[in-house]
$ cat entry-v9.txt   # compact mmCIF, C-alpha atoms and all ligand atoms
# COMPACT_ATOMS: atom_id res chain seq x y z
CA MET A 1 9.70 -8.55 -4.42
CA SER A 2 7.17 -6.01 -3.25
CA ALA A 3 3.65 -6.10 -1.89
CA ASP A 4 2.71 -3.05 -3.96
CA HIS A 5 1.11 -5.07 -6.75
CA VAL A 6 -1.08 -6.83 -4.21
CA ALA A 7 -2.11 -3.43 -2.92
CA GLU A 8 -3.17 -2.19 -6.34
CA ALA A 9 -5.07 -5.20 -7.67
CA GLY A 10 -7.55 -7.68 -6.25
CA PRO A 11 -5.90 -10.80 -4.85
CA SER A 12 -7.49 -13.12 -7.42
CA SER A 13 -5.71 -11.29 -10.22
CA VAL A 14 -2.16 -11.34 -8.85
CA ASP A 15 0.51 -13.94 -8.28
CA CYS A 16 1.76 -14.62 -4.75
CA PRO A 17 4.71 -12.26 -4.14
CA VAL A 18 6.60 -15.10 -2.40
CA CYS A 19 5.99 -18.34 -4.35
CA GLY A 20 4.47 -17.02 -7.58
CA HIS A 21 1.28 -19.09 -7.25
CA PRO A 22 -1.45 -17.43 -9.35
CA GLY A 23 -4.40 -16.06 -7.43
CA MET A 24 -4.75 -15.11 -3.80
CA ARG A 25 -7.77 -15.00 -1.52
CA TRP A 26 -8.90 -12.30 0.91
CA LEU A 27 -9.17 -13.23 4.56
CA PRO A 28 -12.76 -12.73 5.84
CA HIS A 29 -13.18 -9.53 7.86
CA SER A 30 -14.18 -11.64 10.85
CA TRP A 31 -10.52 -12.79 10.84
CA SER A 32 -8.82 -9.48 10.06
CA LEU A 33 -9.98 -5.87 10.37
CA VAL A 34 -7.76 -4.83 7.42
CA ASP A 35 -7.64 -6.35 3.91
CA VAL A 36 -5.19 -9.25 3.90
CA ALA A 37 -4.46 -11.49 0.88
CA PHE A 38 -3.73 -15.19 1.51
CA CYS A 39 -1.76 -17.51 -0.81
CA THR A 40 -3.50 -20.88 -1.13
CA LYS A 41 -0.15 -22.52 -1.90
CA CYS A 42 2.54 -21.24 0.49
CA SER A 43 0.06 -19.75 3.05
CA VAL A 44 1.78 -16.36 3.23
CA CYS A 45 -0.48 -13.41 4.12
CA VAL A 46 0.19 -9.85 3.01
CA GLN A 47 -1.79 -6.75 3.87
CA ARG A 48 -3.33 -4.50 1.23
CA GLY A 49 -2.23 -0.86 1.44
CA ALA A 50 -0.21 0.52 4.32
CA ILE A 51 2.99 0.06 2.33
CA PRO A 52 5.58 2.63 3.41
CA ALA A 53 8.01 4.27 1.03
CA PRO A 54 11.08 2.19 0.21
CA GLY A 55 14.19 3.01 2.18
CA ALA A 56 16.69 1.40 4.50
CA VAL A 57 15.68 -1.01 7.23
CA LEU A 58 13.97 1.57 9.43
CA GLY A 59 12.27 3.25 6.47
CA ARG A 60 10.54 0.01 5.60
CA TYR A 61 9.04 -0.28 9.05
CA ARG A 62 5.39 0.55 9.27
CA ARG A 63 4.67 2.76 12.27
CA GLY A 64 2.21 0.63 14.17
CA GLU A 65 1.08 0.50 17.73
CA TYR A 66 4.60 -0.23 19.00
CA TRP A 67 5.96 3.08 17.71
CA ARG A 68 6.12 5.95 20.22
CA SER A 69 7.89 9.27 20.04
CA HIS A 70 7.15 10.06 23.68
CA SER A 71 5.18 8.72 26.59
CA ARG A 72 2.55 10.31 28.79
CA MET A 73 3.70 8.02 31.56
CA GLY A 74 6.35 9.25 33.96
CA LEU A 75 9.81 7.80 33.24
CA SER A 76 10.16 6.17 36.66
CA LEU A 77 6.78 4.44 36.29
CA GLU A 78 7.67 3.35 32.77
CA LYS A 79 10.99 1.90 33.92
CA GLY A 80 9.21 0.09 36.76
CA LEU A 81 6.74 -1.50 34.36
CA LEU A 82 9.65 -2.81 32.25
CA VAL A 83 11.05 -4.97 35.05
CA TRP A 84 8.93 -7.95 33.93
CA ARG A 85 10.82 -7.93 30.62
CA GLU A 86 14.07 -8.96 32.34
CA GLY A 87 12.70 -12.52 32.75
CA ALA A 88 11.55 -12.53 29.12
CA ALA A 89 15.11 -11.57 28.06
CA VAL A 90 16.55 -14.57 29.94
CA ARG A 91 14.14 -16.91 28.11
CA ARG A 92 14.94 -15.24 24.78
CA LEU A 93 18.69 -15.68 25.29
CA GLU A 94 18.04 -19.39 25.94
CA GLU A 95 16.09 -19.57 22.67
CA VAL A 96 18.91 -17.85 20.77
CA GLU A 97 21.47 -20.30 22.16
CA VAL A 98 19.26 -23.30 21.27
CA MET A 99 19.18 -22.00 17.69
CA LEU A 100 22.95 -21.42 17.67
CA GLY A 101 23.57 -24.83 19.27
CA ARG A 102 26.07 -23.19 21.67
CA PRO A 103 26.37 -20.20 24.00
CA VAL A 104 26.85 -16.80 22.37
CA PRO A 105 30.67 -16.49 22.20
CA PRO A 106 32.26 -13.99 24.62
CA SER A 107 33.06 -10.63 23.01
CA ALA A 108 30.82 -11.33 20.00
CA VAL A 109 29.63 -8.14 18.30
CA VAL A 110 25.82 -8.31 18.39
CA LEU A 111 23.15 -6.18 16.71
CA GLU A 112 19.50 -6.50 17.70
CA VAL A 113 17.01 -5.06 15.21
CA GLY A 114 13.87 -3.90 17.00
CA CYS A 115 15.68 -3.99 20.35
CA GLY A 116 12.90 -2.16 22.25
CA PRO A 117 14.16 -0.96 25.65
CA GLY A 118 17.26 -3.14 25.26
CA GLU A 119 16.90 -5.78 27.97
CA LEU A 120 18.23 -8.64 25.79
CA LEU A 121 21.26 -6.61 24.68
CA SER A 122 21.92 -5.61 28.27
CA LEU A 123 21.84 -9.29 29.30
CA LEU A 124 24.19 -10.27 26.45
CA ARG A 125 26.67 -7.60 27.52
CA ARG A 126 26.49 -8.56 31.20
CA GLU A 127 26.38 -12.38 30.92
CA ARG A 128 28.28 -13.02 27.67
CA MET A 129 30.58 -9.95 27.56
CA CYS A 130 29.28 -9.08 24.08
CA GLN A 131 29.65 -5.72 22.37
CA VAL A 132 26.07 -4.73 21.71
CA TRP A 133 24.30 -2.40 19.29
CA GLY A 134 20.60 -1.72 18.85
CA LEU A 135 18.39 -0.60 15.99
CA GLU A 136 14.95 0.60 17.04
CA PRO A 137 12.42 2.62 15.00
CA SER A 138 10.51 3.87 18.04
CA PRO A 139 12.33 6.94 19.49
CA ARG A 140 10.86 6.37 22.94
CA GLU A 141 12.05 2.74 23.11
CA ALA A 142 15.49 3.81 21.86
CA TYR A 143 15.64 6.48 24.56
CA LEU A 144 14.75 3.91 27.23
CA ALA A 145 17.47 1.52 25.97
CA GLN A 146 20.04 4.30 26.14
CA SER A 147 18.98 5.78 29.47
CA MET A 148 18.35 2.48 31.29
CA HIS A 149 21.15 0.34 29.89
CA GLY A 150 23.57 2.72 28.14
CA ILE A 151 23.16 0.85 24.84
CA ARG A 152 24.03 2.52 21.56
CA VAL A 153 20.76 2.53 19.65
CA VAL A 154 20.15 3.94 16.20
CA SER A 155 16.67 5.36 15.78
CA ALA A 156 16.10 7.33 12.61
CA ASP A 157 13.71 6.76 9.73
CA GLY A 158 14.74 6.25 6.14
CA SER A 159 18.50 6.52 6.48
CA SER A 160 20.97 3.89 5.38
CA LEU A 161 22.46 1.80 8.15
CA PRO A 162 25.30 3.74 9.75
CA TYR A 163 27.43 0.79 10.88
CA ARG A 164 31.08 0.57 9.92
CA CYS A 165 31.70 -2.67 11.81
CA THR A 166 30.40 -6.11 10.88
CA PHE A 167 28.46 -8.26 13.33
CA ASN A 168 28.98 -11.83 14.52
CA LEU A 169 25.33 -12.15 15.42
CA ILE A 170 22.21 -10.24 14.36
CA LEU A 171 18.89 -10.80 16.13
CA ALA A 172 15.51 -9.81 14.66
CA PHE A 173 12.61 -10.93 16.84
CA HIS A 174 9.17 -10.05 15.53
CA VAL A 175 10.50 -7.52 13.02
CA LEU A 176 9.93 -8.97 9.54
CA GLU A 177 6.14 -9.02 9.83
CA HIS A 178 6.25 -5.22 10.26
CA VAL A 179 8.29 -4.33 7.16
CA SER A 180 7.01 -3.97 3.59
CA ASP A 181 10.02 -5.69 2.00
CA PRO A 182 11.26 -8.63 4.11
CA VAL A 183 13.59 -9.83 1.32
CA GLY A 184 15.33 -6.44 1.18
CA VAL A 185 15.63 -6.26 4.96
CA ILE A 186 17.12 -9.78 5.28
CA ARG A 187 19.54 -9.06 2.44
CA GLU A 188 20.62 -5.84 4.11
CA LEU A 189 21.15 -7.59 7.46
CA LEU A 190 23.12 -10.46 5.86
CA GLY A 191 25.36 -7.78 4.33
CA LEU A 192 26.21 -6.58 7.86
CA LEU A 193 27.39 -10.03 9.02
CA SER A 194 31.02 -11.07 9.33
CA SER A 195 32.00 -14.04 7.11
CA ASP A 196 31.02 -16.54 9.82
CA GLY A 197 28.25 -14.36 11.26
CA GLN A 198 24.68 -15.59 11.74
CA LEU A 199 21.21 -14.08 11.77
CA VAL A 200 18.45 -15.30 14.13
CA LEU A 201 14.85 -14.53 13.13
CA GLU A 202 11.56 -15.06 14.92
CA CYS A 203 8.07 -14.31 13.56
CA PRO A 204 4.43 -15.23 14.20
CA ASN A 205 3.46 -18.48 12.48
CA ILE A 206 0.29 -18.70 10.39
CA SER A 207 0.17 -22.45 11.05
CA SER A 208 0.07 -21.80 14.78
CA PRO A 209 -2.02 -18.70 15.61
CA THR A 210 -1.07 -17.19 18.93
CA GLY A 211 -2.94 -18.97 21.70
CA ARG A 212 -6.01 -17.74 23.51
CA MET A 213 -6.80 -14.77 21.28
CA PRO A 214 -9.19 -14.37 18.35
CA LEU A 215 -7.85 -14.14 14.80
CA VAL A 216 -8.63 -10.41 14.55
CA GLN A 217 -5.91 -9.92 17.16
CA PHE A 218 -3.53 -12.42 15.59
CA PHE A 219 -3.82 -10.64 12.20
CA GLU A 220 -3.25 -7.26 13.82
CA PRO A 221 -3.06 -4.20 11.54
CA ALA A 222 0.58 -3.56 12.53
CA HIS A 223 1.55 -6.84 10.79
CA ILE A 224 2.03 -6.28 7.05
CA TRP A 225 2.99 -9.95 6.60
CA THR A 226 2.16 -13.24 8.31
CA PHE A 227 4.49 -16.08 7.30
CA SER A 228 4.37 -19.83 7.04
CA HIS A 229 7.62 -21.73 7.59
CA SER A 230 8.06 -22.52 3.89
CA ALA A 231 7.17 -18.96 2.79
CA LEU A 232 9.79 -17.54 5.17
CA GLU A 233 12.35 -20.10 3.96
CA ARG A 234 11.63 -18.97 0.40
CA ILE A 235 12.05 -15.30 1.44
CA VAL A 236 15.40 -16.12 3.06
CA TYR A 237 16.47 -17.84 -0.16
CA LEU A 238 15.43 -14.81 -2.26
CA ALA A 239 17.59 -12.67 0.06
CA SER A 240 20.63 -14.93 -0.63
CA GLY A 241 20.52 -16.60 2.77
CA VAL A 242 20.55 -20.25 3.83
CA VAL A 243 18.46 -21.60 6.69
CA ALA A 244 20.89 -23.52 8.90
CA ARG A 245 18.38 -24.49 11.58
CA SER A 246 14.70 -23.79 12.12
CA SER A 247 11.71 -24.53 14.29
CA ASP A 248 8.01 -23.86 13.78
CA SER A 249 6.39 -25.14 16.93
CA GLY A 250 4.70 -21.94 18.08
CA PHE A 251 6.58 -19.05 16.50
CA ILE A 252 8.78 -19.58 13.43
CA ARG A 253 12.48 -19.38 14.38
CA MET A 254 15.33 -19.52 11.89
CA LEU A 255 19.11 -19.45 12.07
CA VAL A 256 20.32 -17.96 8.78
CA ASN A 257 23.80 -17.99 7.22
CA LYS A 258 25.03 -16.03 4.24
CA ALA A 259 24.83 -18.29 1.18
CA SER A 260 27.73 -19.34 -1.00
CA SER A 261 26.65 -19.82 -4.65
CA ASP A 262 26.70 -23.65 -4.19
CA ASP A 263 24.52 -23.85 -1.13
CA HIS A 264 22.25 -21.14 -2.56
CA GLN A 265 21.37 -23.56 -5.38
CA SER A 266 20.74 -26.52 -3.04
CA SER A 267 18.63 -24.27 -0.81
CA PHE A 268 16.53 -23.35 -3.85
CA GLU A 269 15.89 -27.02 -4.70
CA ARG A 270 14.97 -27.88 -1.13
CA ASP A 271 12.78 -24.80 -0.88
CA ASP A 272 10.88 -25.53 -4.09
CA ASN A 273 10.22 -29.08 -2.92
CA ALA A 274 8.88 -27.74 0.34
CA LEU A 275 6.45 -25.50 -1.55
CA VAL A 276 5.17 -28.31 -3.79
CA SER A 277 3.16 -29.65 -0.85
CA GLU A 278 0.67 -26.75 -1.27
CA HIS A 279 -0.36 -26.61 2.37
CA GLY A 280 -2.41 -23.42 1.91
CA GLU A 281 -5.83 -25.12 1.90
CA ALA A 282 -4.99 -27.13 5.04
CA VAL A 283 -3.83 -23.95 6.81
CA TRP A 284 -7.01 -22.13 5.73
CA LYS A 285 -9.14 -24.98 7.12
CA ARG A 286 -7.25 -24.85 10.42
CA LEU A 287 -7.75 -21.05 10.64
CA ASP A 288 -11.47 -21.56 9.96
CA GLN A 289 -11.72 -24.11 12.79
CA TYR A 290 -9.79 -21.78 15.08
CA ALA A 291 -12.10 -18.84 14.19
CA THR A 292 -15.20 -20.95 14.90
CA SER A 293 -13.90 -21.99 18.30
CA TYR A 294 -13.29 -18.33 19.18
CA ARG A 295 -16.49 -16.89 17.69
CA TRP A 296 -17.66 -15.37 20.97
CA SER A 297 -14.31 -14.91 22.64
CA TRP A 298 -14.05 -11.28 21.52
CA ILE A 299 -16.48 -10.34 24.33
CA ARG A 300 -14.16 -11.94 26.92
CA VAL A 301 -11.06 -10.33 25.36
CA TRP A 302 -12.75 -6.92 25.09
CA TRP A 303 -13.87 -7.07 28.73
CA ALA A 304 -10.38 -8.07 29.98
CA TRP A 305 -8.68 -5.46 27.80
CA SER A 306 -10.99 -2.59 28.81
CA ARG A 307 -10.43 -3.39 32.51
CA PHE A 308 -6.66 -3.37 31.90
CA VAL A 309 -6.75 -0.03 30.02
CA VAL A 310 -8.92 1.65 32.66
CA GLY A 311 -6.56 0.35 35.40
CA ILE A 312 -3.48 1.71 33.64
CA ARG A 313 -5.17 5.10 33.05
CA ILE A 314 -6.06 5.39 36.74
CA LEU A 315 -2.50 4.40 37.73
CA MET A 316 -1.01 6.99 35.33
CA LEU A 317 -3.35 9.67 36.62
CA LEU A 318 -2.55 8.96 40.28
CA THR A 319 1.20 8.73 39.67
CA GLY A 320 1.21 11.86 37.50
CA ASN A 321 -0.67 13.86 40.11
CA MET A 322 1.50 12.62 42.98
CA LEU A 323 4.89 13.09 41.33
CA GLY A 324 4.10 15.81 38.83
CA VAL A 325 5.95 13.85 36.18
CA VAL A 326 3.20 13.39 33.58
CA GLY A 327 4.53 14.31 30.16
CA LYS A 328 8.13 14.69 31.35
CA ARG A 329 11.10 12.39 30.92
ZN ZN A 401 2.59 -18.20 -2.14

$ encode --input "entry-v9.txt" --output "structure tokens"
Amino acid sequence: MSADHVAEAGPSSVDCPVCGHPGMRWLPHSWSLVDVAFCTKCSVCVQRGAIPAPGAVLGRYRRGEYWRSHSRMGLSLEKGLLVWREGAAVRRLEEVEVMLGRPVPPSAVVLEVGCGPGELLSLLRRERMCQVWGLEPSPREAYLAQSMHGIRVVSADGSSLPYRCTFNLILAFHVLEHVSDPVGVIRELLGLLSSDGQLVLECPNISSPTGRMPLVQFFEPAHIWTFSHSALERIVYLASGVVARSSDSGFIRMLVNKASSDDHQSSFERDDNALVSEHGEAVWKRLDQYATSYRWSWIRVWWAWSRFVVGIRILMLLTGNMLGVVGKR
């Protein structure tokens, strides 16, 4: 599956790349600043253009706003600003263990794709005695993970995955919406699992737009895809995975096992039944209601955001002048 054919043709002339439903619909530009096609059956959204060249997991990642090769902020200031993420890592570990239905086993070998500065991996190593590995497209985030937590992080574009070990647990939080080929990425990650290994995914949910922000921010240009629960289940099936447990209140979360040929077939039947409900029109109506309720909220968001940006700039300027660390690691 690829989004390329959506990129080349109008959405009304192509089948949905996930469920095969004929005809897609563009989101209005009041909802998304970039062209996004919407499937009226499975509700998946895929962006026109911005499709990177095929490659391994990192090569499929579109360099969006999260990608940084360096920072103009001093390293000590940057590390200080990351302290708040420690609490977020504790909550994320709780979410992972709810999905697993048990604590992460001691000495499990764990890979986190899109590990950022590595706070979750650091917590897993400290609290669960796991062996941890990170994969992170942004060189700056990878550097922070290595320098702050001593975590082995791979950060290189377009190369095949360099791992010789297999993993008991792979985590991919808010990764799949950034890659052009989610089926290929899931398949590649399932191939890195041990026989009883499991993959935990989390993505934004089109049925539950992120709270308190207008749709133009929810459908941000860095997101190539926006999934519904059934579309993501279908994508997992196409990648030869089986959804063992899932939740779609708020974000979509899935615990995925490698499929045997038997349970692959039963997953297909269940998945097809799920798609028969054709919830696309209901999701569209909900998005429309959401957009109406936030018609004027962009002024409030813009005002809050501009105050935040100006504050950060002043802080960087003052800190850089005082410590002489601007532009240095
Ligand atoms: Zn579809």

$ closest_atom_pairs --input "entry-v9.txt" --of "chain A" --to "ligand ZN 401 (chain A)" --cutoff "7 Å" --atoms "only C-alpha atoms and all ligand atoms" --output "JSON lines"
{"residue": "A:Cys16", "atom": "CA", "partner": "A:ZN401", "partner_atom": "ZN", "distance": 4.5}
{"residue": "A:Pro17", "atom": "CA", "partner": "A:ZN401", "partner_atom": "ZN", "distance": 6.6}
{"residue": "A:Val18", "atom": "CA", "partner": "A:ZN401", "partner_atom": "ZN", "distance": 5.1}
{"residue": "A:Cys19", "atom": "CA", "partner": "A:ZN401", "partner_atom": "ZN", "distance": 4.1}
{"residue": "A:Gly20", "atom": "CA", "partner": "A:ZN401", "partner_atom": "ZN", "distance": 5.9}
{"residue": "A:His21", "atom": "CA", "partner": "A:ZN401", "partner_atom": "ZN", "distance": 5.3}
{"residue": "A:Cys39", "atom": "CA", "partner": "A:ZN401", "partner_atom": "ZN", "distance": 4.6}
{"residue": "A:Thr40", "atom": "CA", "partner": "A:ZN401", "partner_atom": "ZN", "distance": 6.7}
{"residue": "A:Lys41", "atom": "CA", "partner": "A:ZN401", "partner_atom": "ZN", "distance": 5.1}
{"residue": "A:Cys42", "atom": "CA", "partner": "A:ZN401", "partner_atom": "ZN", "distance": 4.0}
{"residue": "A:Ser43", "atom": "CA", "partner": "A:ZN401", "partner_atom": "ZN", "distance": 6.0}
{"residue": "A:Val44", "atom": "CA", "partner": "A:ZN401", "partner_atom": "ZN", "distance": 5.7}
{"residue": "A:Ala231", "atom": "CA", "partner": "A:ZN401", "partner_atom": "ZN", "distance": 6.8}

$ closest_residue --input "entry-v9.txt" --among "A:Gly197, A:Gly250, A:Pro139, A:Gly241" --to "Val110 (chain A)" --atoms "only C-alpha atoms"
A:Gly197

$ closest_residue --input "entry-v9.txt" --among "A:Tyr294, A:Glu119, A:Leu169, A:Ile151" --to "Arg92 (chain A)" --atoms "all atoms listed in the file"
A:Glu119

$ closest_residue --input "entry-v9.txt" --among "A:Pro214, A:Gly191, A:Gly184, A:Pro221" --to "Ala239 (chain A)" --atoms "all atoms listed in the file"
A:Gly184

$ atom_distance --input "entry-v9.txt" --atom1 "CA of Gln131 (chain A)" --atom2 "CA of Ala108 (chain A)"
6.2 Å

$ closest_residue --input "entry-v9.txt" --among "A:Trp84, A:Phe251, A:Trp305, A:Tyr237" --to "Ile206 (chain A)" --atoms "all atoms listed in the file"
A:Phe251

$ atom_distance --input "entry-v9.txt" --atom1 "CA of Pro22 (chain A)" --atom2 "CA of Val175 (chain A)"
27.2 Å

$ closest_residue --input "entry-v9.txt" --among "A:Arg25, A:Arg313, A:Arg85, A:Arg187" --to "Ala259 (chain A)" --atoms "all atoms listed in the file"
A:Arg187

$ atom_distance --input "entry-v9.txt" --atom1 "CA of Ser228 (chain A)" --atom2 "CA of Pro182 (chain A)"
13.5 Å

$ closest_residue --input "entry-v9.txt" --among "A:Met213, A:Ile186, A:Leu135, A:Leu124" --to "Ile235 (chain A)" --atoms "only C-alpha atoms"
A:Ile186

$ residues_around --input "entry-v9.txt" --residues "region 93-107 of chain A" --least-positions-apart "6" --cutoff "9 Å" --atoms "all atoms listed in the file" --output "list in words"
Leu120, Leu123, Leu124, Arg125, Glu127, Arg128, Met129, Cys130, Gln131, Leu169, Leu171, Gln198, Val200, Arg245, Ser246, Ser247, Arg253, Met254 and Leu255 of chain A

$ axis_aligned_box --input "entry-v9.txt" --around "region 174-178 of chain A" --padding-each-side "5 Å" --output "lines of an AutoDock Vina configuration file"
center_x = 8.3
center_y = -7.6
center_z = 12.5
size_x = 14.4
size_y = 14.8
size_z = 16.0

$ residues_around --input "entry-v9.txt" --residues "Leu215 (chain A)" --least-positions-apart "2" --cutoff "7 Å" --atoms "all atoms listed in the file" --output "PyMOL selection string"
chain A and resi 31-32+213+217-219+291

$ write_last_selection --input "entry-v9.txt" --atoms "C-alpha atoms" --output "PDB file, in the frame of the given file"
ATOM      1  CA  TRP A  31     -10.520 -12.790  10.840  1.00  0.00           C
ATOM      2  CA  SER A  32      -8.820  -9.480  10.060  1.00  0.00           C
ATOM      3  CA  MET A 213      -6.800 -14.770  21.280  1.00  0.00           C
ATOM      4  CA  GLN A 217      -5.910  -9.920  17.160  1.00  0.00           C
ATOM      5  CA  PHE A 218      -3.530 -12.420  15.590  1.00  0.00           C
ATOM      6  CA  PHE A 219      -3.820 -10.640  12.200  1.00  0.00           C
ATOM      7  CA  ALA A 291     -12.100 -18.840  14.190  1.00  0.00           C
TER       8      ALA A 291
END

$ residues_around --input "entry-v9.txt" --residues "Gly116 (chain A)" --least-positions-apart "4" --cutoff "8 Å" --atoms "only C-alpha atoms" --output "ChimeraX atom specification"
/A:136,138,141-142,145

$ residues_around --input "entry-v9.txt" --residues "Glu177 (chain A)" --least-positions-apart "2" --cutoff "10 Å" --atoms "all atoms listed in the file" --output "VMD selection string"
chain A and resid 45 to 46 61 to 62 173 to 175 179 to 182 202 to 204 222 to 227
